[in-house]
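S.K.: Handing you this structure, nothing more for now.
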Amino acid sequence: MSRRLAALILVAIFGLGIAVPVGVVLAQDNVWFDPPPRRLKRNVAPQQRPDKARGGFFQRLFGGRQFTDPPEFPGFLAPKKKKKVVPAEPPIELAEVQPKDPKARKVLVIGDFVGSGVAFGLEQAFADEPKLSVTSRANDESGLVRADFYDWNVALPELLNEEKPDLVVMAIGINDRQPLRDGKAKIAVKSAPWETTYTQRITGIVDTLKVYGRPFYWVSAPPVRQIAGSDDMSYLNGLYKPRVEAAKGHFIDIWNGFTDENGKYISSGPDVDGQPRQLRTGDGINFTKAGRLKLAFYVEREIRRTTGFGSGAVDLLAALTGANQIEIAPDGTKRLVGPVISLSDPLPGASDQLAGGDQTSAPAVESIQFKAIVKGDALNGVAGRVDDFGWPPAQRDLSFLKPAKPAAEPGTAALSEIPLPSLAN
């Protein structure tokens, strides 16, 4: 009985003291992980431990443990490369556009979506100036090639007559990398016929702006990410610039603001404050808010330089007559027509009477002031005075230069009356 009890006690002790490891923690290069635990397989022939015989005491008592060896571990995992975290750009603070004066100078922006970007930037640049307003009439999908979609040579005179701007900003060309259409035929970009037609359309717009008579500014086409596209934009700028300058317009070259020192396209660069920012969108064509503000910076600078627009500056532009209109003759010639003047009204300056003032007549006796101020006659010079330039010179009275004779005392003779002694022997 005591032997059986001792055996049971030993079985209980060994049974409680056996622990099966289920996992091992491995480490390499600070990457920690637990390999998968041993998993029992079902419906698989059991594999016995090689050091244990099937007929052992405990196996006969409790039965053999069925387990499979763990799969071979492929090795330590390589550490994952951390992605470089790019700090987010601070948001752009936009100014609140202040209400504009009814008589504020108007800046009209036209063109494609680059023109829309320029208008956005100019609104921010002039946000705090009540005497400067910006109006955008840009058509984002327009250009000079697809006149069948939107013809700027037809629309521009109507826009000028409607808006009556004090100056005009044009930004166009980025949509014009496409063939011209001549019926069903297509004319290749940059071919001789294509350039001839395209140049004629540039000349038509420039001629309209010249006839309108207000300052106008032509923004150059920007570089794009594709090298071939940038080459085409540079080619278009070569067509714009000479024709704009020949019409006394202002050509604004913004190319270097969006390229590196080698003239190649950049998507990021310094903004108007000199801080690095994303200037172009992911498509390599459009502009971010920072890019649009930089576009407008070049335009604003040229406008202020040539017109004096701005707070505290002298406005160099004459007032625009609201009745001026552009007319196009049947032969295509353009002219600026001014306000209608009545034939019965006297011409300006034809009367010496102040319009709306008192009807005063000339005095019966013309005073020196009336002759000098009203009639504009020269004053009579005083003979002998330093400003007497008459010829021959007037006879001057120099009697005032002779000394006066002293008065004689009573009872004495004047010096001139005393006889001089004779010098004769």
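Ligands are numbered from 1 in the order shown, residues from 1 within each chain, and chains are lettered A, B, ... in the order they appear in the structure tokens.
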Mind listing the strand (DSSP E) residues of range 164-342 of chain A, per DSSP on the backbone, as a ChimeraX atom specification?
M.R.: /A:167-171,180-182,185-187,216-219,250-252,268-270,276-278,325-328,334-337
S.K.: Write out as a PDB file with all heavy atoms, in the first residue's frame which residues come within 8 Å of range 103-120 of chain A when counting only C-alpha atoms, dropping same-chain ones fewer than 3 positions away.
M.R.:
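Below is the file selection20.pdb, written as the result:
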ATOM      1  N   LYS A 100     -14.807  97.658 -52.355  1.00  0.00           N
ATOM      2  CA  LYS A 100     -14.146  98.561 -53.289  1.00  0.00           C
ATOM      3  C   LYS A 100     -14.960  99.844 -53.475  1.00  0.00           C
ATOM      4  O   LYS A 100     -16.184  99.846 -53.389  1.00  0.00           O
ATOM      5  CB  LYS A 100     -13.949  97.872 -54.635  1.00  0.00           C
ATOM      6  CG  LYS A 100     -13.118  96.590 -54.556  1.00  0.00           C
ATOM      7  CD  LYS A 100     -11.720  96.840 -54.024  1.00  0.00           C
ATOM      8  CE  LYS A 100     -10.908  95.560 -53.960  1.00  0.00           C
ATOM      9  NZ  LYS A 100      -9.531  95.791 -53.468  1.00  0.00           N
ATOM     10  N   GLU A 123      -6.246  89.686 -56.867  1.00  0.00           N
ATOM     11  CA  GLU A 123      -7.259  90.000 -55.859  1.00  0.00           C
ATOM     12  C   GLU A 123      -6.642  90.022 -54.469  1.00  0.00           C
ATOM     13  O   GLU A 123      -6.982  90.870 -53.637  1.00  0.00           O
ATOM     14  CB  GLU A 123      -8.397  88.982 -55.928  1.00  0.00           C
ATOM     15  CG  GLU A 123      -9.332  89.167 -57.112  1.00  0.00           C
ATOM     16  CD  GLU A 123     -10.439  88.132 -57.125  1.00  0.00           C
ATOM     17  OE1 GLU A 123     -10.336  87.154 -56.335  1.00  0.00           O
ATOM     18  OE2 GLU A 123     -11.382  88.279 -57.907  1.00  0.00           O
ATOM     19  N   GLN A 124      -5.732  89.080 -54.204  1.00  0.00           N
ATOM     20  CA  GLN A 124      -5.052  89.061 -52.916  1.00  0.00           C
ATOM     21  C   GLN A 124      -4.074  90.233 -52.790  1.00  0.00           C
ATOM     22  O   GLN A 124      -3.957  90.848 -51.728  1.00  0.00           O
ATOM     23  CB  GLN A 124      -4.297  87.736 -52.737  1.00  0.00           C
ATOM     24  CG  GLN A 124      -5.196  86.535 -52.548  1.00  0.00           C
ATOM     25  CD  GLN A 124      -5.979  86.627 -51.251  1.00  0.00           C
ATOM     26  OE1 GLN A 124      -5.405  86.765 -50.170  1.00  0.00           O
ATOM     27  NE2 GLN A 124      -7.299  86.553 -51.345  1.00  0.00           N
ATOM     28  N   PRO A 130      -8.915  99.895 -51.567  1.00  0.00           N
ATOM     29  CA  PRO A 130     -10.298 100.079 -52.037  1.00  0.00           C
ATOM     30  C   PRO A 130     -10.392 100.733 -53.407  1.00  0.00           C
ATOM     31  O   PRO A 130     -11.443 100.647 -54.041  1.00  0.00           O
ATOM     32  CB  PRO A 130     -10.923 100.969 -50.954  1.00  0.00           C
ATOM     33  CG  PRO A 130      -9.762 101.666 -50.321  1.00  0.00           C
ATOM     34  CD  PRO A 130      -8.625 100.705 -50.380  1.00  0.00           C
ATOM     35  N   LYS A 131      -9.340 101.375 -53.869  1.00  0.00           N
ATOM     36  CA  LYS A 131      -9.404 102.070 -55.153  1.00  0.00           C
ATOM     37  C   LYS A 131      -8.865 101.216 -56.301  1.00  0.00           C
ATOM     38  O   LYS A 131      -8.641 101.715 -57.400  1.00  0.00           O
ATOM     39  CB  LYS A 131      -8.639 103.386 -55.069  1.00  0.00           C
ATOM     40  CG  LYS A 131      -9.276 104.395 -54.126  1.00  0.00           C
ATOM     41  CD  LYS A 131      -8.618 105.745 -54.207  1.00  0.00           C
ATOM     42  CE  LYS A 131      -9.295 106.739 -53.282  1.00  0.00           C
ATOM     43  NZ  LYS A 131     -10.716 106.973 -53.644  1.00  0.00           N
ATOM     44  N   LEU A 132      -8.648  99.917 -56.062  1.00  0.00           N
ATOM     45  CA  LEU A 132      -8.204  98.996 -57.103  1.00  0.00           C
ATOM     46  C   LEU A 132      -9.070  97.741 -57.038  1.00  0.00           C
ATOM     47  O   LEU A 132      -9.135  97.084 -56.004  1.00  0.00           O
ATOM     48  CB  LEU A 132      -6.732  98.616 -56.918  1.00  0.00           C
ATOM     49  CG  LEU A 132      -5.691  99.683 -57.268  1.00  0.00           C
ATOM     50  CD1 LEU A 132      -4.308  99.205 -56.880  1.00  0.00           C
ATOM     51  CD2 LEU A 132      -5.734 100.023 -58.735  1.00  0.00           C
ATOM     52  N   SER A 133      -9.735  97.404 -58.128  1.00  0.00           N
ATOM     53  CA  SER A 133     -10.576  96.209 -58.186  1.00  0.00           C
ATOM     54  C   SER A 133     -10.113  95.315 -59.331  1.00  0.00           C
ATOM     55  O   SER A 133      -9.539  95.797 -60.313  1.00  0.00           O
ATOM     56  CB  SER A 133     -12.049  96.583 -58.371  1.00  0.00           C
ATOM     57  OG  SER A 133     -12.243  97.193 -59.634  1.00  0.00           O
ATOM     58  N   VAL A 134     -10.346  94.031 -59.186  1.00  0.00           N
ATOM     59  CA  VAL A 134      -9.937  93.032 -60.185  1.00  0.00           C
ATOM     60  C   VAL A 134     -11.175  92.306 -60.671  1.00  0.00           C
ATOM     61  O   VAL A 134     -11.985  91.819 -59.871  1.00  0.00           O
ATOM     62  CB  VAL A 134      -8.918  92.033 -59.600  1.00  0.00           C
ATOM     63  CG1 VAL A 134      -8.533  90.997 -60.641  1.00  0.00           C
ATOM     64  CG2 VAL A 134      -7.685  92.767 -59.090  1.00  0.00           C
ATOM     65  N   THR A 135     -11.320  92.219 -61.986  1.00  0.00           N
ATOM     66  CA  THR A 135     -12.424  91.480 -62.600  1.00  0.00           C
ATOM     67  C   THR A 135     -11.837  90.425 -63.525  1.00  0.00           C
ATOM     68  O   THR A 135     -11.004  90.732 -64.370  1.00  0.00           O
ATOM     69  CB  THR A 135     -13.339  92.415 -63.400  1.00  0.00           C
ATOM     70  OG1 THR A 135     -13.881  93.407 -62.531  1.00  0.00           O
ATOM     71  CG2 THR A 135     -14.477  91.641 -64.053  1.00  0.00           C
ATOM     72  N   SER A 136     -12.250  89.184 -63.353  1.00  0.00           N
ATOM     73  CA  SER A 136     -11.768  88.091 -64.196  1.00  0.00           C
ATOM     74  C   SER A 136     -12.843  87.696 -65.209  1.00  0.00           C
ATOM     75  O   SER A 136     -13.977  87.393 -64.831  1.00  0.00           O
ATOM     76  CB  SER A 136     -11.394  86.878 -63.347  1.00  0.00           C
ATOM     77  OG  SER A 136     -10.997  85.794 -64.166  1.00  0.00           O
ATOM     78  N   ARG A 137     -12.472  87.720 -66.478  1.00  0.00           N
ATOM     79  CA  ARG A 137     -13.335  87.197 -67.543  1.00  0.00           C
ATOM     80  C   ARG A 137     -12.590  86.127 -68.318  1.00  0.00           C
ATOM     81  O   ARG A 137     -12.787  85.952 -69.514  1.00  0.00           O
ATOM     82  CB  ARG A 137     -13.774  88.336 -68.463  1.00  0.00           C
ATOM     83  CG  ARG A 137     -14.623  89.402 -67.804  1.00  0.00           C
ATOM     84  CD  ARG A 137     -15.943  88.869 -67.284  1.00  0.00           C
ATOM     85  NE  ARG A 137     -16.798  88.403 -68.357  1.00  0.00           N
ATOM     86  CZ  ARG A 137     -17.689  89.159 -68.991  1.00  0.00           C
ATOM     87  NH1 ARG A 137     -17.834  90.435 -68.643  1.00  0.00           N
ATOM     88  NH2 ARG A 137     -18.450  88.669 -69.937  1.00  0.00           N
ATOM     89  N   ALA A 138     -11.725  85.396 -67.617  1.00  0.00           N
ATOM     90  CA  ALA A 138     -10.957  84.328 -68.251  1.00  0.00           C
ATOM     91  C   ALA A 138     -11.858  83.129 -68.527  1.00  0.00           C
ATOM     92  O   ALA A 138     -12.820  82.866 -67.797  1.00  0.00           O
ATOM     93  CB  ALA A 138      -9.784  83.909 -67.370  1.00  0.00           C
ATOM     94  N   ASN A 139     -11.516  82.403 -69.577  1.00  0.00           N
ATOM     95  CA  ASN A 139     -12.186  81.150 -69.929  1.00  0.00           C
ATOM     96  C   ASN A 139     -11.131  80.053 -69.826  1.00  0.00           C
ATOM     97  O   ASN A 139     -10.211  79.974 -70.640  1.00  0.00           O
ATOM     98  CB  ASN A 139     -12.760  81.233 -71.339  1.00  0.00           C
ATOM     99  CG  ASN A 139     -13.609  80.026 -71.695  1.00  0.00           C
ATOM    100  OD1 ASN A 139     -13.281  78.901 -71.325  1.00  0.00           O
ATOM    101  ND2 ASN A 139     -14.693  80.250 -72.408  1.00  0.00           N
ATOM    102  N   ASP A 140     -11.245  79.200 -68.794  1.00  0.00           N
ATOM    103  CA  ASP A 140     -10.166  78.269 -68.465  1.00  0.00           C
ATOM    104  C   ASP A 140      -9.779  77.345 -69.607  1.00  0.00           C
ATOM    105  O   ASP A 140      -8.608  76.995 -69.767  1.00  0.00           O
ATOM    106  CB  ASP A 140     -10.558  77.425 -67.248  1.00  0.00           C
ATOM    107  CG  ASP A 140     -10.601  78.252 -65.970  1.00  0.00           C
ATOM    108  OD1 ASP A 140     -10.278  79.454 -66.039  1.00  0.00           O
ATOM    109  OD2 ASP A 140     -10.954  77.696 -64.917  1.00  0.00           O
ATOM    110  N   GLU A 141     -10.738  76.918 -70.427  1.00  0.00           N
ATOM    111  CA  GLU A 141     -10.445  75.957 -71.503  1.00  0.00           C
ATOM    112  C   GLU A 141     -10.139  76.633 -72.828  1.00  0.00           C
ATOM    113  O   GLU A 141      -9.982  75.952 -73.848  1.00  0.00           O
ATOM    114  CB  GLU A 141     -11.626  75.000 -71.695  1.00  0.00           C
ATOM    115  CG  GLU A 141     -11.867  74.039 -70.539  1.00  0.00           C
ATOM    116  CD  GLU A 141     -12.609  74.682 -69.386  1.00  0.00           C
ATOM    117  OE1 GLU A 141     -13.288  75.700 -69.627  1.00  0.00           O
ATOM    118  OE2 GLU A 141     -12.485  74.192 -68.245  1.00  0.00           O
ATOM    119  N   SER A 142     -10.045  77.940 -72.846  1.00  0.00           N
ATOM    120  CA  SER A 142      -9.901  78.650 -74.116  1.00  0.00           C
ATOM    121  C   SER A 142      -8.437  78.730 -74.547  1.00  0.00           C
ATOM    122  O   SER A 142      -7.525  78.355 -73.815  1.00  0.00           O
ATOM    123  CB  SER A 142     -10.476  80.062 -73.997  1.00  0.00           C
ATOM    124  OG  SER A 142      -9.686  80.840 -73.109  1.00  0.00           O
ATOM    125  N   GLY A 143      -8.251  79.238 -75.750  1.00  0.00           N
ATOM    126  CA  GLY A 143      -6.933  79.458 -76.324  1.00  0.00           C
ATOM    127  C   GLY A 143      -7.101  80.208 -77.629  1.00  0.00           C
ATOM    128  O   GLY A 143      -8.180  80.728 -77.938  1.00  0.00           O
ATOM    129  N   GLU A 163     -17.068  96.044 -69.812  1.00  0.00           N
ATOM    130  CA  GLU A 163     -16.387  96.223 -68.537  1.00  0.00           C
ATOM    131  C   GLU A 163     -15.734  97.595 -68.403  1.00  0.00           C
ATOM    132  O   GLU A 163     -15.608  98.115 -67.299  1.00  0.00           O
ATOM    133  CB  GLU A 163     -15.311  95.128 -68.360  1.00  0.00           C
ATOM    134  CG  GLU A 163     -15.851  93.716 -68.306  1.00  0.00           C
ATOM    135  CD  GLU A 163     -16.625  93.447 -67.029  1.00  0.00           C
ATOM    136  OE1 GLU A 163     -16.516  94.247 -66.076  1.00  0.00           O
ATOM    137  OE2 GLU A 163     -17.341  92.439 -66.978  1.00  0.00           O
ATOM    138  N   LYS A 164     -15.264  98.168 -69.509  1.00  0.00           N
ATOM    139  CA  LYS A 164     -14.561  99.453 -69.509  1.00  0.00           C
ATOM    140  C   LYS A 164     -13.433  99.472 -68.477  1.00  0.00           C
ATOM    141  O   LYS A 164     -13.397 100.309 -67.551  1.00  0.00           O
ATOM    142  CB  LYS A 164     -15.534 100.604 -69.259  1.00  0.00           C
ATOM    143  CG  LYS A 164     -16.538 100.785 -70.381  1.00  0.00           C
ATOM    144  CD  LYS A 164     -17.480 101.918 -70.103  1.00  0.00           C
ATOM    145  CE  LYS A 164     -18.393 102.167 -71.314  1.00  0.00           C
ATOM    146  NZ  LYS A 164     -19.126 100.973 -71.749  1.00  0.00           N
ATOM    147  N   PRO A 165     -12.481  98.564 -68.606  1.00  0.00           N
ATOM    148  CA  PRO A 165     -11.396  98.502 -67.614  1.00  0.00           C
ATOM    149  C   PRO A 165     -10.387  99.620 -67.818  1.00  0.00           C
ATOM    150  O   PRO A 165     -10.274 100.199 -68.907  1.00  0.00           O
ATOM    151  CB  PRO A 165     -10.764  97.137 -67.901  1.00  0.00           C
ATOM    152  CG  PRO A 165     -10.991  96.920 -69.359  1.00  0.00           C
ATOM    153  CD  PRO A 165     -12.343  97.534 -69.650  1.00  0.00           C
ATOM    154  N   ASP A 166      -9.641  99.903 -66.753  1.00  0.00           N
ATOM    155  CA  ASP A 166      -8.565 100.883 -66.845  1.00  0.00           C
ATOM    156  C   ASP A 166      -7.287 100.256 -67.387  1.00  0.00           C
ATOM    157  O   ASP A 166      -6.431 100.973 -67.902  1.00  0.00           O
ATOM    158  CB  ASP A 166      -8.307 101.499 -65.470  1.00  0.00           C
ATOM    159  CG  ASP A 166      -9.478 102.354 -65.016  1.00  0.00           C
ATOM    160  OD1 ASP A 166      -9.596 103.493 -65.502  1.00  0.00           O
ATOM    161  OD2 ASP A 166     -10.274 101.886 -64.186  1.00  0.00           O
ATOM    162  N   LEU A 167      -7.136  98.971 -67.218  1.00  0.00           N
ATOM    163  CA  LEU A 167      -6.038  98.243 -67.849  1.00  0.00           C
ATOM    164  C   LEU A 167      -6.425  96.781 -67.987  1.00  0.00           C
ATOM    165  O   LEU A 167      -7.349  96.300 -67.321  1.00  0.00           O
ATOM    166  CB  LEU A 167      -4.723  98.414 -67.081  1.00  0.00           C
ATOM    167  CG  LEU A 167      -4.674  98.054 -65.597  1.00  0.00           C
ATOM    168  CD1 LEU A 167      -4.402  96.579 -65.406  1.00  0.00           C
ATOM    169  CD2 LEU A 167      -3.590  98.861 -64.918  1.00  0.00           C
ATOM    170  N   VAL A 168      -5.712  96.077 -68.862  1.00  0.00           N
ATOM    171  CA  VAL A 168      -6.073  94.699 -69.223  1.00  0.00           C
ATOM    172  C   VAL A 168      -4.846  93.807 -69.048  1.00  0.00           C
ATOM    173  O   VAL A 168      -3.719  94.199 -69.401  1.00  0.00           O
ATOM    174  CB  VAL A 168      -6.574  94.617 -70.682  1.00  0.00           C
ATOM    175  CG1 VAL A 168      -7.009  93.191 -71.019  1.00  0.00           C
ATOM    176  CG2 VAL A 168      -7.714  95.594 -70.916  1.00  0.00           C
ATOM    177  N   VAL A 169      -5.063  92.606 -68.499  1.00  0.00           N
ATOM    178  CA  VAL A 169      -4.013  91.599 -68.343  1.00  0.00           C
ATOM    179  C   VAL A 169      -4.441  90.360 -69.115  1.00  0.00           C
ATOM    180  O   VAL A 169      -5.530  89.829 -68.892  1.00  0.00           O
ATOM    181  CB  VAL A 169      -3.780  91.251 -66.861  1.00  0.00           C
ATOM    182  CG1 VAL A 169      -2.716  90.156 -66.731  1.00  0.00           C
ATOM    183  CG2 VAL A 169      -3.368  92.486 -66.074  1.00  0.00           C
ATOM    184  N   MET A 170      -3.580  89.891 -70.013  1.00  0.00           N
ATOM    185  CA  MET A 170      -3.853  88.697 -70.815  1.00  0.00           C
ATOM    186  C   MET A 170      -2.857  87.605 -70.450  1.00  0.00           C
ATOM    187  O   MET A 170      -1.648  87.852 -70.374  1.00  0.00           O
ATOM    188  CB  MET A 170      -3.754  89.023 -72.305  1.00  0.00           C
ATOM    189  CG  MET A 170      -3.641  87.813 -73.218  1.00  0.00           C
ATOM    190  SD  MET A 170      -5.134  86.786 -73.223  1.00  0.00           S
ATOM    191  CE  MET A 170      -6.063  87.547 -74.546  1.00  0.00           C
ATOM    192  N   ALA A 171      -3.344  86.379 -70.188  1.00  0.00           N
ATOM    193  CA  ALA A 171      -2.501  85.210 -69.943  1.00  0.00           C
ATOM    194  C   ALA A 171      -3.116  84.045 -70.687  1.00  0.00           C
ATOM    195  O   ALA A 171      -4.180  83.555 -70.314  1.00  0.00           O
ATOM    196  CB  ALA A 171      -2.392  84.911 -68.446  1.00  0.00           C
ATOM    197  N   ILE A 172      -2.456  83.589 -71.745  1.00  0.00           N
ATOM    198  CA  ILE A 172      -3.034  82.566 -72.614  1.00  0.00           C
ATOM    199  C   ILE A 172      -1.909  81.765 -73.255  1.00  0.00           C
ATOM    200  O   ILE A 172      -0.745  82.177 -73.237  1.00  0.00           O
ATOM    201  CB  ILE A 172      -3.923  83.229 -73.701  1.00  0.00           C
ATOM    202  CG1 ILE A 172      -4.985  82.257 -74.208  1.00  0.00           C
ATOM    203  CG2 ILE A 172      -3.087  83.810 -74.825  1.00  0.00           C
ATOM    204  CD1 ILE A 172      -6.084  82.928 -75.006  1.00  0.00           C
ATOM    205  N   GLY A 173      -2.259  80.603 -73.813  1.00  0.00           N
ATOM    206  CA  GLY A 173      -1.296  79.826 -74.575  1.00  0.00           C
ATOM    207  C   GLY A 173      -1.083  78.405 -74.098  1.00  0.00           C
ATOM    208  O   GLY A 173      -0.649  77.550 -74.862  1.00  0.00           O
ATOM    209  N   ILE A 174      -1.399  78.111 -72.824  1.00  0.00           N
ATOM    210  CA  ILE A 174      -1.071  76.790 -72.303  1.00  0.00           C
ATOM    211  C   ILE A 174      -1.978  75.705 -72.885  1.00  0.00           C
ATOM    212  O   ILE A 174      -1.649  74.516 -72.844  1.00  0.00           O
ATOM    213  CB  ILE A 174      -1.129  76.797 -70.767  1.00  0.00           C
ATOM    214  CG1 ILE A 174      -0.254  75.690 -70.187  1.00  0.00           C
ATOM    215  CG2 ILE A 174      -2.559  76.699 -70.274  1.00  0.00           C
ATOM    216  CD1 ILE A 174       0.063  75.832 -68.736  1.00  0.00           C
ATOM    217  N   ASN A 175      -3.133  76.086 -73.454  1.00  0.00           N
ATOM    218  CA  ASN A 175      -4.022  75.113 -74.096  1.00  0.00           C
ATOM    219  C   ASN A 175      -3.790  74.996 -75.599  1.00  0.00           C
ATOM    220  O   ASN A 175      -4.561  74.314 -76.284  1.00  0.00           O
ATOM    221  CB  ASN A 175      -5.487  75.507 -73.853  1.00  0.00           C
ATOM    222  CG  ASN A 175      -5.885  75.389 -72.402  1.00  0.00           C
ATOM    223  OD1 ASN A 175      -5.403  74.526 -71.677  1.00  0.00           O
ATOM    224  ND2 ASN A 175      -6.767  76.274 -71.956  1.00  0.00           N
ATOM    225  N   ASN A 286      -0.664  72.797 -63.824  1.00  0.00           N
ATOM    226  CA  ASN A 286      -1.410  73.828 -63.103  1.00  0.00           C
ATOM    227  C   ASN A 286      -0.594  74.384 -61.944  1.00  0.00           C
ATOM    228  O   ASN A 286       0.532  73.947 -61.695  1.00  0.00           O
ATOM    229  CB  ASN A 286      -2.732  73.253 -62.599  1.00  0.00           C
ATOM    230  CG  ASN A 286      -3.853  74.257 -62.682  1.00  0.00           C
ATOM    231  OD1 ASN A 286      -3.664  75.429 -62.393  1.00  0.00           O
ATOM    232  ND2 ASN A 286      -5.036  73.796 -63.067  1.00  0.00           N
ATOM    233  N   PHE A 287      -1.190  75.333 -61.213  1.00  0.00           N
ATOM    234  CA  PHE A 287      -0.498  76.027 -60.143  1.00  0.00           C
ATOM    235  C   PHE A 287      -1.238  75.842 -58.824  1.00  0.00           C
ATOM    236  O   PHE A 287      -2.468  75.814 -58.790  1.00  0.00           O
ATOM    237  CB  PHE A 287      -0.396  77.534 -60.448  1.00  0.00           C
ATOM    238  CG  PHE A 287       0.477  77.861 -61.624  1.00  0.00           C
ATOM    239  CD1 PHE A 287      -0.020  77.787 -62.914  1.00  0.00           C
ATOM    240  CD2 PHE A 287       1.794  78.230 -61.442  1.00  0.00           C
ATOM    241  CE1 PHE A 287       0.768  78.090 -64.004  1.00  0.00           C
ATOM    242  CE2 PHE A 287       2.600  78.542 -62.526  1.00  0.00           C
ATOM    243  CZ  PHE A 287       2.092  78.466 -63.808  1.00  0.00           C
ATOM    244  N   ARG A 292       0.013  80.540 -57.762  1.00  0.00           N
ATOM    245  CA  ARG A 292      -0.813  81.609 -58.334  1.00  0.00           C
ATOM    246  C   ARG A 292      -0.467  82.968 -57.726  1.00  0.00           C
ATOM    247  O   ARG A 292      -0.465  83.992 -58.419  1.00  0.00           O
ATOM    248  CB  ARG A 292      -2.295  81.281 -58.111  1.00  0.00           C
ATOM    249  CG  ARG A 292      -2.816  80.205 -59.051  1.00  0.00           C
ATOM    250  CD  ARG A 292      -4.268  79.886 -58.774  1.00  0.00           C
ATOM    251  NE  ARG A 292      -4.386  78.925 -57.686  1.00  0.00           N
ATOM    252  CZ  ARG A 292      -5.531  78.585 -57.115  1.00  0.00           C
ATOM    253  NH1 ARG A 292      -6.659  79.147 -57.511  1.00  0.00           N
ATOM    254  NH2 ARG A 292      -5.568  77.701 -56.146  1.00  0.00           N
ATOM    255  N   LEU A 293      -0.153  82.977 -56.438  1.00  0.00           N
ATOM    256  CA  LEU A 293       0.282  84.229 -55.824  1.00  0.00           C
ATOM    257  C   LEU A 293       1.600  84.701 -56.411  1.00  0.00           C
ATOM    258  O   LEU A 293       1.818  85.905 -56.591  1.00  0.00           O
ATOM    259  CB  LEU A 293       0.413  84.043 -54.306  1.00  0.00           C
ATOM    260  CG  LEU A 293      -0.883  83.809 -53.526  1.00  0.00           C
ATOM    261  CD1 LEU A 293      -0.584  83.541 -52.060  1.00  0.00           C
ATOM    262  CD2 LEU A 293      -1.820  85.005 -53.654  1.00  0.00           C
ATOM    263  N   LEU A 295       2.642  84.015 -59.506  1.00  0.00           N
ATOM    264  CA  LEU A 295       2.316  84.512 -60.842  1.00  0.00           C
ATOM    265  C   LEU A 295       1.881  85.977 -60.775  1.00  0.00           C
ATOM    266  O   LEU A 295       2.364  86.825 -61.542  1.00  0.00           O
ATOM    267  CB  LEU A 295       1.169  83.673 -61.433  1.00  0.00           C
ATOM    268  CG  LEU A 295       1.491  82.437 -62.247  1.00  0.00           C
ATOM    269  CD1 LEU A 295       0.199  81.723 -62.615  1.00  0.00           C
ATOM    270  CD2 LEU A 295       2.280  82.778 -63.482  1.00  0.00           C
ATOM    271  N   ALA A 296       0.975  86.265 -59.861  1.00  0.00           N
ATOM    272  CA  ALA A 296       0.442  87.624 -59.753  1.00  0.00           C
ATOM    273  C   ALA A 296       1.487  88.605 -59.257  1.00  0.00           C
ATOM    274  O   ALA A 296       1.388  89.806 -59.539  1.00  0.00           O
ATOM    275  CB  ALA A 296      -0.767  87.636 -58.828  1.00  0.00           C
ATOM    276  N   VAL A 299       3.084  90.307 -62.148  1.00  0.00           N
ATOM    277  CA  VAL A 299       2.141  91.213 -62.822  1.00  0.00           C
ATOM    278  C   VAL A 299       1.916  92.461 -61.974  1.00  0.00           C
ATOM    279  O   VAL A 299       1.927  93.586 -62.481  1.00  0.00           O
ATOM    280  CB  VAL A 299       0.815  90.487 -63.100  1.00  0.00           C
ATOM    281  CG1 VAL A 299      -0.156  91.405 -63.826  1.00  0.00           C
ATOM    282  CG2 VAL A 299       1.062  89.218 -63.919  1.00  0.00           C
TER     283      VAL A 299
END
S.K.: What's the separation between CA of Val374 in chain A and CA of Asp387 in chain A, in Å to one decimal place?
M.R.: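 Separation between CA of Val374 in chain A and CA of Asp387 in chain A: 22.7 Å.
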S.K.: Could you name the residues that touch Glu129 in chain A at 10 Å or less, counting only C-alpha atoms, but leaving out those on the same chain fewer than 6 positions away, as an NGL selection string?
M.R.: :A and (97-101 or 104 or 123 or 309-311)
S.K.: Once you have the residues from the selection above, write them out as a CSV table (one decimal), in the first residue's frame, restricted to N, CA, C and O atoms.
M.R.:
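Output saved as out-v4.csv:
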chain,number,residue,atom,x,y,z
A,97,VAL,N,-10.8,90.3,-48.9
A,97,VAL,CA,-10.9,91.4,-49.9
A,97,VAL,C,-11.8,92.5,-49.3
A,97,VAL,O,-13.0,92.2,-49.0
A,98,GLN,N,-11.3,93.7,-49.2
A,98,GLN,CA,-12.1,94.8,-48.7
A,98,GLN,C,-13.1,95.3,-49.7
A,98,GLN,O,-12.8,95.2,-50.9
A,99,PRO,N,-14.2,95.9,-49.3
A,99,PRO,CA,-15.1,96.5,-50.3
A,99,PRO,C,-14.4,97.6,-51.1
A,99,PRO,O,-13.6,98.3,-50.6
A,100,LYS,N,-14.8,97.7,-52.4
A,100,LYS,CA,-14.1,98.6,-53.3
A,100,LYS,C,-15.0,99.8,-53.5
A,100,LYS,O,-16.2,99.8,-53.4
A,101,ASP,N,-14.2,100.9,-53.7
A,101,ASP,CA,-14.9,102.2,-54.0
A,101,ASP,C,-15.6,102.1,-55.4
A,101,ASP,O,-15.1,101.4,-56.3
A,104,ALA,N,-13.4,102.9,-58.2
A,104,ALA,CA,-12.1,102.2,-58.2
A,104,ALA,C,-11.6,101.9,-59.6
A,104,ALA,O,-12.4,101.7,-60.5
A,123,GLU,N,-6.2,89.7,-56.9
A,123,GLU,CA,-7.3,90.0,-55.9
A,123,GLU,C,-6.6,90.0,-54.5
A,123,GLU,O,-7.0,90.9,-53.6
A,309,PHE,N,-0.2,102.7,-59.6
A,309,PHE,CA,-1.3,102.2,-58.8
A,309,PHE,C,-0.8,101.8,-57.4
A,309,PHE,O,0.3,101.3,-57.3
A,310,GLY,N,-1.6,102.1,-56.4
A,310,GLY,CA,-1.2,101.7,-55.1
A,310,GLY,C,-1.5,102.7,-54.0
A,310,GLY,O,-1.6,103.9,-54.3
A,311,SER,N,-1.5,102.3,-52.8
A,311,SER,CA,-1.8,103.2,-51.7
A,311,SER,C,-0.6,104.2,-51.6
A,311,SER,O,0.6,103.8,-51.5
